[in-house]
$ cat input38.cif   # mmCIF, N, CA and C atoms
data_data
loop_
_atom_site.group_PDB
_atom_site.id
_atom_site.type_symbol
_atom_site.label_atom_id
_atom_site.label_comp_id
_atom_site.auth_asym_id
_atom_site.auth_seq_id
_atom_site.Cartn_x
_atom_site.Cartn_y
_atom_site.Cartn_z
ATOM 1 N N MET A 7 -35.340 -33.261 2.850
ATOM 2 C CA MET A 7 -34.454 -32.177 2.472
ATOM 3 C C MET A 7 -34.526 -31.998 0.957
ATOM 4 N N ARG A 8 -34.589 -30.756 0.554
ATOM 5 C CA ARG A 8 -34.682 -30.437 -0.866
ATOM 6 C C ARG A 8 -33.436 -29.664 -1.285
ATOM 7 N N ILE A 9 -32.807 -30.085 -2.363
ATOM 8 C CA ILE A 9 -31.613 -29.415 -2.865
ATOM 9 C C ILE A 9 -32.021 -28.496 -4.006
ATOM 10 N N GLN A 10 -31.566 -27.248 -3.917
ATOM 11 C CA GLN A 10 -31.894 -26.269 -4.950
ATOM 12 C C GLN A 10 -30.604 -25.818 -5.627
ATOM 13 N N GLU A 11 -30.599 -25.799 -6.936
ATOM 14 C CA GLU A 11 -29.438 -25.355 -7.698
ATOM 15 C C GLU A 11 -29.341 -23.833 -7.639
ATOM 16 N N LEU A 12 -28.105 -23.328 -7.425
ATOM 17 C CA LEU A 12 -27.890 -21.880 -7.375
ATOM 18 C C LEU A 12 -27.666 -21.333 -8.778
ATOM 19 N N ASP A 13 -28.175 -20.135 -9.028
ATOM 20 C CA ASP A 13 -27.887 -19.496 -10.309
ATOM 21 C C ASP A 13 -26.514 -18.830 -10.230
ATOM 22 N N LEU A 14 -26.000 -18.405 -11.364
ATOM 23 C CA LEU A 14 -24.655 -17.849 -11.435
ATOM 24 C C LEU A 14 -24.484 -16.641 -10.516
ATOM 25 N N SER A 15 -25.470 -15.805 -10.431
ATOM 26 C CA SER A 15 -25.410 -14.629 -9.566
ATOM 27 C C SER A 15 -25.252 -15.027 -8.102
ATOM 28 N N SER A 16 -25.981 -16.044 -7.683
ATOM 29 C CA SER A 16 -25.898 -16.518 -6.296
ATOM 30 C C SER A 16 -24.534 -17.132 -6.008
ATOM 31 N N VAL A 17 -23.987 -17.851 -6.973
ATOM 32 C CA VAL A 17 -22.658 -18.450 -6.805
ATOM 33 C C VAL A 17 -21.613 -17.352 -6.658
ATOM 34 N N LYS A 18 -21.686 -16.323 -7.503
ATOM 35 C CA LYS A 18 -20.739 -15.211 -7.416
ATOM 36 C C LYS A 18 -20.844 -14.499 -6.071
ATOM 37 N N THR A 19 -22.054 -14.300 -5.589
ATOM 38 C CA THR A 19 -22.262 -13.670 -4.283
ATOM 39 C C THR A 19 -21.654 -14.517 -3.174
ATOM 40 N N LEU A 20 -21.850 -15.813 -3.232
ATOM 41 C CA LEU A 20 -21.296 -16.723 -2.230
ATOM 42 C C LEU A 20 -19.771 -16.682 -2.239
ATOM 43 N N ILE A 21 -19.174 -16.658 -3.418
ATOM 44 C CA ILE A 21 -17.716 -16.574 -3.533
ATOM 45 C C ILE A 21 -17.210 -15.270 -2.927
ATOM 46 N N GLU A 22 -17.846 -14.155 -3.255
ATOM 47 C CA GLU A 22 -17.429 -12.855 -2.723
ATOM 48 C C GLU A 22 -17.541 -12.809 -1.204
ATOM 49 N N MET A 23 -18.614 -13.353 -0.668
ATOM 50 C CA MET A 23 -18.805 -13.355 0.787
ATOM 51 C C MET A 23 -17.757 -14.233 1.470
ATOM 52 N N THR A 24 -17.434 -15.361 0.859
ATOM 53 C CA THR A 24 -16.422 -16.257 1.416
ATOM 54 C C THR A 24 -15.055 -15.589 1.405
ATOM 55 N N GLU A 25 -14.699 -14.952 0.291
ATOM 56 C CA GLU A 25 -13.416 -14.253 0.205
ATOM 57 C C GLU A 25 -13.327 -13.141 1.241
ATOM 58 N N ARG A 26 -14.399 -12.393 1.418
ATOM 59 C CA ARG A 26 -14.419 -11.304 2.402
ATOM 60 C C ARG A 26 -14.220 -11.854 3.819
ATOM 61 N N LEU A 27 -14.885 -12.948 4.127
ATOM 62 C CA LEU A 27 -14.757 -13.561 5.447
ATOM 63 C C LEU A 27 -13.323 -14.008 5.710
ATOM 64 N N ILE A 28 -12.706 -14.665 4.736
ATOM 65 C CA ILE A 28 -11.325 -15.128 4.904
ATOM 66 C C ILE A 28 -10.379 -13.943 5.042
ATOM 67 N N GLU A 29 -10.592 -12.889 4.258
ATOM 68 C CA GLU A 29 -9.744 -11.700 4.358
ATOM 69 C C GLU A 29 -9.849 -11.055 5.735
ATOM 70 N N GLN A 30 -11.037 -11.038 6.312
ATOM 71 C CA GLN A 30 -11.256 -10.366 7.593
ATOM 72 C C GLN A 30 -10.810 -11.207 8.783
ATOM 73 N N THR A 31 -10.948 -12.518 8.699
ATOM 74 C CA THR A 31 -10.646 -13.361 9.852
ATOM 75 C C THR A 31 -9.329 -14.099 9.733
ATOM 76 N N GLY A 32 -8.866 -14.329 8.511
ATOM 77 C CA GLY A 32 -7.643 -15.098 8.305
ATOM 78 C C GLY A 32 -7.887 -16.577 8.544
ATOM 79 N N PHE A 33 -6.824 -17.350 8.391
ATOM 80 C CA PHE A 33 -6.910 -18.779 8.645
ATOM 81 C C PHE A 33 -5.515 -19.304 8.933
ATOM 82 N N GLU A 34 -5.433 -20.462 9.542
ATOM 83 C CA GLU A 34 -4.164 -21.050 9.943
ATOM 84 C C GLU A 34 -3.822 -22.209 9.023
ATOM 85 N N VAL A 35 -2.563 -22.226 8.566
ATOM 86 C CA VAL A 35 -2.083 -23.290 7.685
ATOM 87 C C VAL A 35 -0.816 -23.860 8.293
ATOM 88 N N ALA A 36 -0.749 -25.171 8.436
ATOM 89 C CA ALA A 36 0.407 -25.811 9.054
ATOM 90 C C ALA A 36 1.520 -26.103 8.049
ATOM 91 N N SER A 37 1.209 -26.200 6.786
ATOM 92 C CA SER A 37 2.179 -26.586 5.761
ATOM 93 C C SER A 37 3.014 -25.390 5.313
ATOM 94 N N THR A 38 4.327 -25.497 5.465
ATOM 95 C CA THR A 38 5.233 -24.440 5.022
ATOM 96 C C THR A 38 5.137 -24.244 3.516
ATOM 97 N N GLU A 39 5.008 -25.346 2.779
ATOM 98 C CA GLU A 39 4.916 -25.265 1.318
ATOM 99 C C GLU A 39 3.675 -24.472 0.882
ATOM 100 N N ILE A 40 2.550 -24.748 1.520
ATOM 101 C CA ILE A 40 1.320 -24.032 1.172
ATOM 102 C C ILE A 40 1.435 -22.556 1.543
ATOM 103 N N LEU A 41 2.049 -22.267 2.686
ATOM 104 C CA LEU A 41 2.250 -20.868 3.080
ATOM 105 C C LEU A 41 3.112 -20.129 2.063
ATOM 106 N N GLU A 42 4.176 -20.781 1.596
ATOM 107 C CA GLU A 42 5.056 -20.157 0.609
ATOM 108 C C GLU A 42 4.307 -19.890 -0.694
ATOM 109 N N ARG A 43 3.508 -20.862 -1.131
ATOM 110 C CA ARG A 43 2.732 -20.685 -2.364
ATOM 111 C C ARG A 43 1.703 -19.569 -2.210
ATOM 112 N N ALA A 44 1.058 -19.522 -1.056
ATOM 113 C CA ALA A 44 0.062 -18.480 -0.808
ATOM 114 C C ALA A 44 0.715 -17.102 -0.819
ATOM 115 N N GLU A 45 1.876 -17.005 -0.204
ATOM 116 C CA GLU A 45 2.578 -15.722 -0.170
ATOM 117 C C GLU A 45 3.004 -15.305 -1.580
ATOM 118 N N GLN A 46 3.477 -16.249 -2.373
ATOM 119 C CA GLN A 46 3.860 -15.945 -3.756
ATOM 120 C C GLN A 46 2.656 -15.478 -4.569
ATOM 121 N N ALA A 47 1.474 -15.946 -4.204
ATOM 122 C CA ALA A 47 0.247 -15.564 -4.910
ATOM 123 C C ALA A 47 -0.317 -14.238 -4.402
ATOM 124 N N GLY A 48 0.329 -13.657 -3.377
ATOM 125 C CA GLY A 48 -0.105 -12.352 -2.902
ATOM 126 C C GLY A 48 -0.744 -12.337 -1.522
ATOM 127 N N ALA A 49 -0.823 -13.489 -0.864
ATOM 128 C CA ALA A 49 -1.408 -13.539 0.479
ATOM 129 C C ALA A 49 -0.452 -12.916 1.491
ATOM 130 N N GLN A 50 -1.015 -12.356 2.547
ATOM 131 C CA GLN A 50 -0.205 -11.835 3.643
ATOM 132 C C GLN A 50 0.028 -12.971 4.631
ATOM 133 N N VAL A 51 1.308 -13.299 4.859
ATOM 134 C CA VAL A 51 1.661 -14.401 5.752
ATOM 135 C C VAL A 51 2.334 -13.820 6.983
ATOM 136 N N ASP A 52 1.835 -14.184 8.156
ATOM 137 C CA ASP A 52 2.407 -13.728 9.422
ATOM 138 C C ASP A 52 3.477 -14.727 9.840
ATOM 139 N N HIS A 53 4.735 -14.423 9.497
ATOM 140 C CA HIS A 53 5.836 -15.346 9.776
ATOM 141 C C HIS A 53 6.094 -15.489 11.273
ATOM 142 N N ASP A 54 5.724 -14.498 12.070
ATOM 143 C CA ASP A 54 5.935 -14.559 13.519
ATOM 144 C C ASP A 54 5.065 -15.623 14.174
ATOM 145 N N LYS A 55 3.921 -15.933 13.582
ATOM 146 C CA LYS A 55 3.008 -16.905 14.181
ATOM 147 C C LYS A 55 3.227 -18.318 13.658
ATOM 148 N N GLN A 56 4.158 -18.492 12.713
ATOM 149 C CA GLN A 56 4.439 -19.842 12.214
ATOM 150 C C GLN A 56 5.163 -20.627 13.290
ATOM 151 N N ARG A 57 4.900 -21.922 13.314
ATOM 152 C CA ARG A 57 5.565 -22.773 14.316
ATOM 153 C C ARG A 57 6.748 -23.471 13.718
#
$ encode --input "input38.cif" --output "structure tokens"
Amino acid sequence: MRIQELDLSSVKTLIEMTERLIEQTGFEVASTEILERAEQAGAQVDHDKQR
């Protein structure tokens, strides 16, 4: 296996693609504290699906 270092452009592209994927699919978080922090930072939190 060969490891190749990514250039800055590739890193930025990877970050953008990851953010887009998370925005489109969402993710589940069990911690109330993390959900509150995420919501304060501007994330959309579905309170109906919290356990």
$ select_by_dssp --input "input38.cif" --residues "chain A" --states "helix (DSSP H, G or I)" --output "JSON, numbers by chain"
{"A": [14, 15, 16, 17, 18, 19, 20, 21, 22, 23, 24, 25, 26, 27, 28, 29, 30, 31, 38, 39, 40, 41, 42, 43, 44, 45, 46, 53, 54, 55]}
$ atom_distance --input "input38.cif" --atom1 "CA of Gln50 (chain A)" --atom2 "CA of Gly32 (chain A)"
9.4 Å
$ atom_distance --input "input38.cif" --atom1 "atom N of Leu27 (chain A)" --atom2 "CA of Ala49 (chain A)"
14.0 Å
$ atom_distance --input "input38.cif" --atom1 "CA of Ser15 (chain A)" --atom2 "CA of Phe33 (chain A)"
26.3 Å
